[in-house]
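The structure file model_16.txt is reproduced below (compact mmCIF, C-alpha atoms and all ligand atoms).
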# COMPACT_ATOMS: atom_id res chain seq x y z
CA MET A 1 0.00 0.00 0.00
CA LYS A 2 1.21 3.47 -0.80
CA LYS A 3 2.07 5.79 2.05
CA ILE A 4 -0.04 8.85 2.64
CA ALA A 5 1.08 12.47 2.28
CA LEU A 6 -1.15 15.31 3.42
CA THR A 7 -0.72 19.04 3.37
CA GLY A 8 -2.81 22.17 3.75
CA ILE A 9 -2.64 25.25 1.59
CA LYS A 10 -3.57 28.53 3.23
CA PRO A 11 -5.48 30.72 0.78
CA THR A 12 -4.08 34.06 1.81
CA GLY A 13 -2.82 35.63 -1.37
CA VAL A 14 -1.90 35.53 -4.99
CA LEU A 15 0.44 32.64 -5.83
CA HIS A 16 3.95 33.58 -6.87
CA ILE A 17 6.90 31.70 -8.29
CA GLY A 18 8.34 31.26 -4.79
CA ASN A 19 5.23 29.20 -3.94
CA TYR A 20 5.58 27.34 -7.22
CA PHE A 21 9.13 26.12 -6.66
CA GLY A 22 9.01 25.97 -2.87
CA ALA A 23 5.67 24.23 -2.34
CA ILE A 24 3.60 23.40 -5.42
CA LYS A 25 6.18 21.58 -7.55
CA PRO A 26 7.62 19.53 -4.67
CA ALA A 27 4.11 18.56 -3.50
CA LEU A 28 3.08 17.48 -7.00
CA HIS A 29 6.26 15.49 -7.27
CA LEU A 30 5.51 13.76 -3.96
CA ALA A 31 2.02 12.91 -5.20
CA LYS A 32 3.54 10.52 -7.73
CA GLU A 33 4.92 8.36 -4.94
CA TYR A 34 2.34 8.82 -2.19
CA ASP A 35 -1.41 8.77 -1.83
CA ALA A 36 -1.75 12.52 -1.64
CA ARG A 37 -4.42 14.48 0.19
CA TYR A 38 -4.06 18.19 -0.36
CA PHE A 39 -6.59 20.71 0.85
CA ILE A 40 -7.36 24.40 0.97
CA ALA A 41 -7.17 25.47 4.62
CA ASP A 42 -9.94 28.03 4.34
CA TYR A 43 -10.89 28.15 8.02
CA HIS A 44 -7.27 28.83 8.86
CA ALA A 45 -7.38 31.84 6.57
CA LEU A 46 -10.46 33.21 8.33
CA ASN A 47 -8.26 34.08 11.32
CA THR A 48 -6.67 36.84 9.28
CA VAL A 49 -8.90 37.49 6.25
CA LYS A 50 -12.15 39.11 7.34
CA ASP A 51 -13.42 40.42 4.00
CA PRO A 52 -15.78 37.81 2.47
CA GLN A 53 -15.07 38.78 -1.13
CA VAL A 54 -11.35 38.64 -0.57
CA LEU A 55 -11.53 35.29 1.20
CA SER A 56 -13.68 33.61 -1.44
CA ALA A 57 -11.52 35.01 -4.23
CA HIS A 58 -8.38 33.69 -2.56
CA ILE A 59 -9.91 30.25 -2.12
CA ARG A 60 -10.79 30.02 -5.81
CA GLU A 61 -7.47 31.45 -6.95
CA VAL A 62 -5.44 29.06 -4.89
CA ALA A 63 -7.54 26.07 -5.95
CA ALA A 64 -7.33 27.08 -9.63
CA GLY A 65 -3.63 27.79 -9.20
CA TRP A 66 -2.78 24.30 -7.98
CA LEU A 67 -4.91 22.72 -10.68
CA ALA A 68 -3.34 24.90 -13.37
CA ALA A 69 0.11 23.97 -12.09
CA GLY A 70 -0.67 20.31 -12.69
CA LEU A 71 -2.51 18.89 -9.68
CA ASP A 72 -4.60 16.02 -11.06
CA PRO A 73 -7.78 15.71 -8.97
CA GLU A 74 -8.14 12.10 -10.10
CA GLU A 75 -4.83 11.31 -8.49
CA VAL A 76 -4.79 13.64 -5.49
CA ILE A 77 -7.74 14.01 -3.13
CA PHE A 78 -8.15 17.78 -3.37
CA TYR A 79 -10.75 19.44 -1.14
CA ARG A 80 -11.66 22.37 1.02
CA GLN A 81 -11.13 22.06 4.77
CA SER A 82 -14.55 23.64 5.32
CA SER A 83 -16.20 20.76 3.42
CA ILE A 84 -15.05 18.26 6.05
CA PRO A 85 -17.13 18.94 9.18
CA GLU A 86 -15.39 16.04 10.94
CA THR A 87 -12.37 18.36 11.20
CA PHE A 88 -14.21 20.59 13.63
CA GLU A 89 -15.52 17.78 15.81
CA LEU A 90 -12.04 16.31 15.97
CA THR A 91 -10.72 19.75 16.94
CA THR A 92 -13.05 19.72 19.95
CA ILE A 93 -11.79 16.32 21.03
CA LEU A 94 -8.17 17.34 20.57
CA MET A 95 -8.71 20.49 22.65
CA ALA A 96 -9.29 18.27 25.68
CA PHE A 97 -5.83 16.81 25.21
CA THR A 98 -3.94 20.01 24.39
CA GLY A 99 -2.18 21.83 27.17
CA LYS A 100 -2.63 25.58 27.14
CA GLY A 101 1.08 25.77 27.85
CA LEU A 102 1.77 23.98 24.57
CA MET A 103 -0.13 26.68 22.70
CA ASN A 104 1.69 29.41 24.64
CA ARG A 105 4.91 28.09 23.13
CA ALA A 106 3.76 28.24 19.49
CA HIS A 107 6.14 30.44 17.49
CA ALA A 108 3.42 32.27 15.57
CA TYR A 109 1.54 33.21 18.76
CA LYS A 110 4.76 34.17 20.55
CA ALA A 111 5.80 36.37 17.64
CA ALA A 112 2.44 38.16 17.72
CA VAL A 113 2.78 38.77 21.50
CA GLN A 114 6.34 39.99 21.04
CA GLU A 115 5.26 42.43 18.40
CA ASN A 116 2.59 43.83 20.74
CA LEU A 117 5.12 44.20 23.57
CA GLU A 118 7.48 46.09 21.29
CA LYS A 119 4.66 48.47 20.44
CA HIS A 120 3.85 48.83 24.19
CA GLU A 121 0.42 47.38 23.64
CA ASP A 122 -1.51 44.78 25.59
CA PRO A 123 0.31 41.47 24.92
CA ASP A 124 -2.81 39.88 23.43
CA ALA A 125 -3.98 42.89 21.40
CA GLY A 126 -5.47 41.77 18.09
CA ILE A 127 -4.86 38.07 18.82
CA ASN A 128 -7.99 35.97 18.36
CA MET A 129 -8.58 32.47 19.69
CA GLY A 130 -8.35 31.16 16.14
CA LEU A 131 -4.74 32.25 16.05
CA PHE A 132 -4.05 30.96 19.56
CA THR A 133 -5.56 27.53 18.88
CA TYR A 134 -4.33 27.37 15.26
CA PRO A 135 -2.09 24.35 15.95
CA VAL A 136 -5.07 22.33 17.25
CA LEU A 137 -7.10 22.90 14.10
CA MET A 138 -4.04 22.01 12.07
CA ALA A 139 -3.54 18.85 14.16
CA ALA A 140 -7.15 17.89 13.37
CA ASP A 141 -6.58 18.46 9.64
CA ILE A 142 -3.64 16.11 9.83
CA LEU A 143 -4.74 13.40 12.26
CA LEU A 144 -8.09 12.94 10.55
CA PHE A 145 -6.41 11.44 7.48
CA ASN A 146 -3.68 9.22 9.01
CA PRO A 147 -0.83 10.59 6.91
CA ASP A 148 2.67 9.18 7.10
CA VAL A 149 4.23 12.45 6.04
CA VAL A 150 3.21 16.08 6.13
CA PRO A 151 5.21 18.11 3.63
CA VAL A 152 5.61 21.63 5.00
CA GLY A 153 7.94 24.58 5.02
CA LYS A 154 10.29 25.07 7.96
CA ASP A 155 7.93 27.54 9.62
CA GLN A 156 5.28 24.81 10.01
CA VAL A 157 7.44 22.08 11.53
CA GLN A 158 6.61 23.10 15.09
CA HIS A 159 2.92 22.74 14.28
CA VAL A 160 3.42 19.22 12.99
CA GLU A 161 5.37 18.40 16.16
CA MET A 162 2.44 19.67 18.20
CA ALA A 163 0.14 17.35 16.24
CA GLN A 164 2.50 14.51 17.15
CA ASP A 165 2.40 15.49 20.85
CA ILE A 166 -1.38 15.67 20.87
CA ALA A 167 -1.76 12.31 19.07
CA GLN A 168 0.70 10.66 21.44
CA GLY A 169 -1.21 12.00 24.45
CA ILE A 170 -4.40 10.43 23.13
CA ASN A 171 -2.76 7.11 22.24
CA PHE A 172 -1.17 6.98 25.69
CA ASN A 173 -4.43 7.69 27.48
CA TYR A 174 -6.43 5.10 25.53
CA LYS A 175 -3.57 2.58 25.35
CA GLY A 176 -3.49 1.97 21.64
CA GLU A 177 -2.62 3.47 18.28
CA ILE A 178 -5.90 5.30 17.92
CA LEU A 179 -4.27 8.08 15.93
CA LYS A 180 -1.36 7.70 13.59
CA VAL A 181 1.63 9.84 14.53
CA PRO A 182 2.90 11.49 11.33
CA ARG A 183 6.23 13.05 10.59
CA ALA A 184 7.00 16.37 8.97
CA ALA A 185 8.77 16.24 5.63
CA VAL A 186 10.58 19.53 5.21
CA GLN A 187 11.44 20.38 1.67
CA ALA A 188 15.18 20.28 1.32
CA ALA A 189 15.86 23.78 0.02
CA VAL A 190 15.36 22.84 -3.63
CA ALA A 191 16.20 26.40 -4.36
CA VAL A 192 15.83 29.62 -2.52
CA VAL A 193 13.82 31.66 -4.94
CA PRO A 194 15.22 35.19 -4.89
CA GLY A 195 12.79 38.07 -5.14
CA LEU A 196 13.02 41.20 -7.26
CA ASP A 197 15.16 42.90 -4.61
CA GLY A 198 17.48 39.94 -4.00
CA ARG A 199 15.89 38.92 -0.69
CA LYS A 200 13.95 35.64 -0.51
CA MET A 201 10.78 35.95 -2.60
CA SER A 202 7.96 36.52 -0.15
CA LYS A 203 4.56 38.13 -0.18
CA SER A 204 5.48 40.05 2.97
CA TYR A 205 8.46 41.70 1.23
CA GLY A 206 6.38 42.71 -1.80
CA ASN A 207 9.15 41.41 -4.09
CA THR A 208 7.31 38.64 -5.90
CA ILE A 209 6.72 37.55 -9.46
CA PRO A 210 3.08 36.38 -9.56
CA LEU A 211 2.63 32.96 -11.12
CA PHE A 212 -0.21 34.00 -13.39
CA ALA A 213 0.69 37.56 -14.25
CA PRO A 214 -0.32 38.63 -17.77
CA GLU A 215 2.62 38.82 -20.17
CA LYS A 216 3.02 42.59 -19.90
CA GLU A 217 3.03 42.56 -16.13
CA LEU A 218 5.45 39.64 -16.08
CA ARG A 219 7.86 41.56 -18.29
CA LYS A 220 7.49 44.68 -16.16
CA ARG A 221 8.24 42.79 -12.95
CA ILE A 222 11.32 41.14 -14.45
CA MET A 223 12.60 44.47 -15.78
CA ARG A 224 12.26 45.82 -12.22
CA ILE A 225 14.81 43.36 -10.79
CA VAL A 226 17.43 45.31 -8.90
CA THR A 227 20.96 45.05 -10.34
CA ASN A 228 24.33 46.59 -9.58
CA SER A 229 25.98 49.28 -11.69
CA GLN A 230 28.34 47.05 -13.70
CA GLY A 231 28.56 48.20 -17.31
CA VAL A 232 27.72 46.12 -20.38
CA GLN A 233 31.33 45.21 -21.16
CA GLU A 234 32.28 44.10 -17.67
CA PRO A 235 32.45 40.36 -16.99
CA LYS A 236 29.84 39.37 -14.42
CA ASP A 237 29.47 36.59 -11.86
CA PRO A 238 26.32 34.57 -12.63
CA GLU A 239 26.10 32.90 -9.21
CA THR A 240 25.68 36.19 -7.35
CA SER A 241 23.08 37.55 -9.77
CA GLN A 242 19.45 36.96 -8.88
CA ILE A 243 18.58 37.18 -12.55
CA TYR A 244 20.75 34.15 -13.19
CA LEU A 245 19.50 32.32 -10.08
CA LEU A 246 15.94 32.78 -11.30
CA TYR A 247 16.97 31.79 -14.83
CA LYS A 248 18.33 28.50 -13.51
CA LEU A 249 14.90 27.54 -12.22
CA PHE A 250 13.37 27.75 -15.69
CA ALA A 251 16.16 26.99 -18.17
CA SER A 252 17.67 23.75 -19.45
CA ALA A 253 21.22 22.83 -18.42
CA GLU A 254 22.47 23.88 -21.82
CA GLU A 255 20.73 27.24 -21.65
CA GLN A 256 22.17 27.79 -18.20
CA ARG A 257 25.70 27.10 -19.40
CA ALA A 258 25.28 29.46 -22.34
CA LEU A 259 24.00 32.34 -20.21
CA ALA A 260 26.69 31.77 -17.55
CA LYS A 261 29.32 31.97 -20.27
CA HIS A 262 27.81 35.17 -21.56
CA TYR A 263 27.96 36.63 -18.04
CA ARG A 264 31.62 35.73 -17.60
CA GLU A 265 32.76 36.90 -21.03
CA GLY A 266 31.42 40.42 -20.67
CA GLY A 267 29.46 42.21 -23.36
CA MET A 268 26.17 41.28 -21.74
CA GLY A 269 24.16 44.07 -20.16
CA TRP A 270 21.61 43.55 -17.39
CA GLY A 271 18.85 44.34 -19.88
CA ASP A 272 19.93 41.36 -22.02
CA ALA A 273 19.98 39.07 -18.98
CA LYS A 274 16.49 40.21 -18.00
CA GLU A 275 15.22 39.59 -21.52
CA ALA A 276 16.68 36.06 -21.47
CA LEU A 277 14.99 35.49 -18.11
CA PHE A 278 11.68 36.78 -19.37
CA GLN A 279 11.79 34.39 -22.32
CA VAL A 280 12.23 31.24 -20.23
CA VAL A 281 9.74 32.29 -17.54
CA HIS A 282 7.14 33.12 -20.15
CA ARG A 283 7.76 29.82 -21.94
CA GLU A 284 7.06 27.80 -18.79
CA LEU A 285 4.27 29.88 -17.29
CA SER A 286 2.13 30.86 -20.26
CA PRO A 287 0.41 27.44 -20.58
CA LEU A 288 -0.23 27.53 -16.82
CA ARG A 289 -1.75 30.98 -17.12
CA THR A 290 -4.05 29.83 -19.91
CA ARG A 291 -5.30 26.93 -17.77
CA PHE A 292 -5.63 29.19 -14.74
CA GLU A 293 -7.75 31.70 -16.61
CA ALA A 294 -10.05 28.98 -17.89
CA LEU A 295 -10.50 27.56 -14.38
CA ILE A 296 -11.17 30.95 -12.81
CA ALA A 297 -13.69 31.78 -15.53
CA ASP A 298 -15.83 28.77 -14.54
CA PRO A 299 -16.36 28.86 -10.76
CA ALA A 300 -19.10 26.21 -10.89
CA ALA A 301 -16.74 23.69 -12.49
CA LEU A 302 -14.08 24.53 -9.91
CA ASP A 303 -16.55 24.01 -7.08
CA THR A 304 -17.52 20.65 -8.59
CA ILE A 305 -13.90 19.49 -8.60
CA LEU A 306 -13.51 20.47 -4.95
CA ALA A 307 -16.85 18.89 -4.00
CA GLN A 308 -15.80 15.63 -5.65
CA GLY A 309 -12.60 15.73 -3.63
CA ALA A 310 -14.57 16.31 -0.44
CA ALA A 311 -16.82 13.35 -1.26
CA LYS A 312 -13.74 11.13 -1.41
CA ALA A 313 -12.23 12.62 1.73
CA ARG A 314 -15.23 12.51 4.04
CA PRO A 315 -15.56 8.73 4.47
CA LEU A 316 -11.87 8.61 5.42
CA ALA A 317 -12.42 11.37 7.95
CA GLN A 318 -15.53 9.67 9.33
CA ALA A 319 -13.62 6.43 9.90
CA THR A 320 -11.01 8.17 12.05
CA LEU A 321 -13.56 10.21 13.93
CA ASN A 322 -15.74 7.17 14.67
CA ARG A 323 -12.72 5.27 15.96
CA LEU A 324 -11.88 8.13 18.27
CA ARG A 325 -15.45 8.71 19.43
CA ARG A 326 -15.63 5.06 20.45
CA ALA A 327 -12.23 5.23 22.16
CA VAL A 328 -13.21 8.23 24.31
CA GLY A 329 -16.59 6.80 25.27
CA ILE A 330 -18.79 9.30 23.43
CA ALA A 331 -20.21 6.68 21.08
CA GLY A 332 -20.70 2.94 21.28
N1 LIG A 401 -0.55 26.15 8.58
C1 LIG A 401 -0.20 25.85 7.23
C2 LIG A 401 0.41 27.12 6.59
O1 LIG A 401 0.23 28.20 7.10
C3 LIG A 401 -1.41 25.42 6.44
C4 LIG A 401 -2.04 24.19 7.01
C5 LIG A 401 -3.24 24.10 7.64
C6 LIG A 401 -1.48 22.88 7.01
N2 LIG A 401 -3.49 22.83 8.02
C7 LIG A 401 -2.44 22.04 7.65
C8 LIG A 401 -0.28 22.35 6.52
C9 LIG A 401 -2.21 20.68 7.83
C10 LIG A 401 -0.06 20.98 6.70
C11 LIG A 401 -1.01 20.16 7.34
O2 LIG A 401 1.06 27.01 5.59
What would you get if you wrote out this structure as structure tokens?
Ligand code: TRP
Amino acid sequence: MKKIALTGIKPTGVLHIGNYFGAIKPALHLAKEYDARYFIADYHALNTVKDPQVLSAHIREVAAGWLAAGLDPEEVIFYRQSSIPETFELTTILMAFTGKGLMNRAHAYKAAVQENLEKHEDPDAGINMGLFTYPVLMAADILLFNPDVVPVGKDQVQHVEMAQDIAQGINFNYKGEILKVPRAAVQAAVAVVPGLDGRKMSKSYGNTIPLFAPEKELRKRIMRIVTNSQGVQEPKDPETSQIYLLYKLFASAEEQRALAKHYREGGMGWGDAKEALFQVVHRELSPLRTRFEALIADPAALDTILAQGAAKARPLAQATLNRLRRAVGIAG
């Protein structure tokens, strides 16, 4: 039997090429080897996104984005967290086994408190219970589907460890493997995707290249990449140039060698390098953009895909929840 991989995708913004190389591509690769269950963590997003239009747009964009990037809903169970009500019942059960102290130690909560203290505000200003109990909801997402591995970025490892702690507490209390204890699979840094300003590409730095930008916008963003003042004739070092580092993500080995040579020989201006980058990015992303636009233009079809995923996911969730309900003495 294949092992199970599960991960959640928070719909909080427009997908960019950092997401593509850091999360989407590795997860799709993993789905070839594992039984994959990938879902849109829409109730997680509610903690921070309070505008209904914005939230529903983000949910659709992220769902369409993963499908456009190649997620095959026949192969991966792809669903919305909110379509699995078992998640929320399991959350209630897990709450009874989660120390408040454990939540106090969560990095995301601690960072929010720290920020308040630095601003001389009440330590809990602006912090809702959704944020405080975030790791419990995430543990429910995970434990409901018995995954072997949970592919996540480094920032989420602590949350997966908390899910392990909570599951172990339950298994210990009821003397059996009621819940499977998963492990986090952190993506080996396939590549740090540099942003337009040379820092890591991140929504919070505002230095991204959106995955589905129209051609004009894509070109504009690439032309905005910050460079140094080396002249056209000067030889340049490809490995310290974010244009080249981005180019490597999209180009064949042969193309990479040719551009690197051009850098080192001199006679290549930054404008030429940016044009070369634009060409390879556009080549890879334009079919994705076409698929994305078609998916976004037909919300009913998108909802059907997600509903079909939920229909496959729910019986699996019900099996775990029923097992746990019996174990705790609520049912049977
Ligand atoms: N917290 C994750 C993030 O911010 C998203 C997420 C929610 C998740 N539930 C999950 C990831 C369960 C893995 C497993 O990126």
- Query: Near Thr12 of chain A, counting only C-alpha atoms, which residues have an atom at most 10 Å away, once you skip same-chain residues fewer than 2 positions from it, shown as number ranges by chain?
  - Reply: A: 9-10, 14-15, 41-42, 44-46, 48-49, 54-55, 57-59, 61-62, 203
Can you spit out the residues from that selection as a short mmCIF file (atom, residue, chain, number, x, y, z; two decimals), keeping the file's coordinate frame, using C-alpha atoms?
data_model
loop_
_atom_site.label_atom_id
_atom_site.label_comp_id
_atom_site.auth_asym_id
_atom_site.auth_seq_id
_atom_site.Cartn_x
_atom_site.Cartn_y
_atom_site.Cartn_z
CA ILE A 9 -2.64 25.25 1.59
CA LYS A 10 -3.57 28.53 3.23
CA VAL A 14 -1.90 35.53 -4.99
CA LEU A 15 0.44 32.64 -5.83
CA ALA A 41 -7.17 25.47 4.62
CA ASP A 42 -9.94 28.03 4.34
CA HIS A 44 -7.27 28.83 8.86
CA ALA A 45 -7.38 31.84 6.57
CA LEU A 46 -10.46 33.21 8.33
CA THR A 48 -6.67 36.84 9.28
CA VAL A 49 -8.90 37.49 6.25
CA VAL A 54 -11.35 38.64 -0.57
CA LEU A 55 -11.53 35.29 1.20
CA ALA A 57 -11.52 35.01 -4.23
CA HIS A 58 -8.38 33.69 -2.56
CA ILE A 59 -9.91 30.25 -2.12
CA GLU A 61 -7.47 31.45 -6.95
CA VAL A 62 -5.44 29.06 -4.89
CA LYS A 203 4.56 38.13 -0.18
#
- Message: Ranking A:Arg326, A:Arg264, A:His107, A:Arg221 by minimum distance to ligand LIG 401 (chain A) and counting only C-alpha atoms and all ligand atoms, which one comes first?
- Response: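 Closest residue, counting only C-alpha atoms and all ligand atoms: A:His107.
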- Message: Excluding Tyr20 of chain A and its own-chain neighbours fewer than 3 positions away, which residues fall within 12 Å of it when counting only C-alpha atoms? Please give them as number ranges by chain.
- Response: A: 14-17, 23-29, 62, 65-71, 190-193, 201-202, 208-212, 249-250, 284-285, 288
Suppose we keep C-alpha atoms; can you now write the selection as a short mmCIF file (atom, residue, chain, number, x, y, z; two decimals), in the frame of the given file?
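So part.cif came out as:
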data_model
loop_
_atom_site.label_atom_id
_atom_site.label_comp_id
_atom_site.auth_asym_id
_atom_site.auth_seq_id
_atom_site.Cartn_x
_atom_site.Cartn_y
_atom_site.Cartn_z
CA VAL A 14 -1.90 35.53 -4.99
CA LEU A 15 0.44 32.64 -5.83
CA HIS A 16 3.95 33.58 -6.87
CA ILE A 17 6.90 31.70 -8.29
CA ALA A 23 5.67 24.23 -2.34
CA ILE A 24 3.60 23.40 -5.42
CA LYS A 25 6.18 21.58 -7.55
CA PRO A 26 7.62 19.53 -4.67
CA ALA A 27 4.11 18.56 -3.50
CA LEU A 28 3.08 17.48 -7.00
CA HIS A 29 6.26 15.49 -7.27
CA VAL A 62 -5.44 29.06 -4.89
CA GLY A 65 -3.63 27.79 -9.20
CA TRP A 66 -2.78 24.30 -7.98
CA LEU A 67 -4.91 22.72 -10.68
CA ALA A 68 -3.34 24.90 -13.37
CA ALA A 69 0.11 23.97 -12.09
CA GLY A 70 -0.67 20.31 -12.69
CA LEU A 71 -2.51 18.89 -9.68
CA VAL A 190 15.36 22.84 -3.63
CA ALA A 191 16.20 26.40 -4.36
CA VAL A 192 15.83 29.62 -2.52
CA VAL A 193 13.82 31.66 -4.94
CA MET A 201 10.78 35.95 -2.60
CA SER A 202 7.96 36.52 -0.15
CA THR A 208 7.31 38.64 -5.90
CA ILE A 209 6.72 37.55 -9.46
CA PRO A 210 3.08 36.38 -9.56
CA LEU A 211 2.63 32.96 -11.12
CA PHE A 212 -0.21 34.00 -13.39
CA LEU A 249 14.90 27.54 -12.22
CA PHE A 250 13.37 27.75 -15.69
CA GLU A 284 7.06 27.80 -18.79
CA LEU A 285 4.27 29.88 -17.29
CA LEU A 288 -0.23 27.53 -16.82
#
- Item | Contacts of ligand LIG 401 (chain A), 10 Å or closer, only C-alpha atoms and all ligand atoms, given as a PyMOL selection string | chain A and resi 5-12+23+37-45+81+108+134-143+147+149-157+159-160+163+184
- So how many Å separate atom CA of Gln158 of chain A and atom CA of Asn171 of chain A, to one decimal?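 Spanning atom CA of Gln158 of chain A to atom CA of Asn171 of chain A is a straight-line distance of 19.9 Å.
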- Message: Using only C-alpha atoms and a cutoff of 12 Å, can you tell me which residues are near (-0.3, 41.4, 19.2) in the file's coordinates, and write them out as a VMD selection string?
- Response: chain A and resid 108 to 128 131 to 132
- Query: Contacts of segment 302-304 of chain A at 8 Å or less, counting all atoms listed in the file, minus same-chain residues fewer than 4 places along, as an MDAnalysis selection string?
  - Reply: chainID A and resid 60 63:64 295:296 298 308
- Query: Restricting the calculation to only C-alpha atoms, which member of A:Thr227, A:Ser204, A:Val232, A:Met129 is positioned closest to Gly13 of chain A?
  - Reply: A:Ser204
- Message: For Asp148 of chain A, find every residue with an atom within 10 Å (counting all atoms listed in the file), except residues of its own chain fewer than 6 positions away, and show them as a list in words.
- Response: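 Neighbouring residues, sequence-local ones excluded: Lys2, Lys3, Ile4, Ala5, Leu6, Tyr34, Asp35, Ile142, Lys180, Val181, Pro182, Arg183, Ala184 and Ala185 of chain A.
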What does the file look like for those residues with C-alpha atoms, as a compact mmCIF listing (two decimals), in the coordinates of the input?
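What landed in again.txt:
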# COMPACT_ATOMS: atom_id res chain seq x y z
CA LYS A 2 1.21 3.47 -0.80
CA LYS A 3 2.07 5.79 2.05
CA ILE A 4 -0.04 8.85 2.64
CA ALA A 5 1.08 12.47 2.28
CA LEU A 6 -1.15 15.31 3.42
CA TYR A 34 2.34 8.82 -2.19
CA ASP A 35 -1.41 8.77 -1.83
CA ILE A 142 -3.64 16.11 9.83
CA LYS A 180 -1.36 7.70 13.59
CA VAL A 181 1.63 9.84 14.53
CA PRO A 182 2.90 11.49 11.33
CA ARG A 183 6.23 13.05 10.59
CA ALA A 184 7.00 16.37 8.97
CA ALA A 185 8.77 16.24 5.63
- Task: Rounded to one decimal place, report the atom CA of Asp165 of chain A-atom CA of Asn19 of chain A distance in Å.
- Result: 28.5 Å
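Counting from atom CA of Pro238 of chain A, the distance to atom CA of Arg289 of chain A is 28.7 Å.
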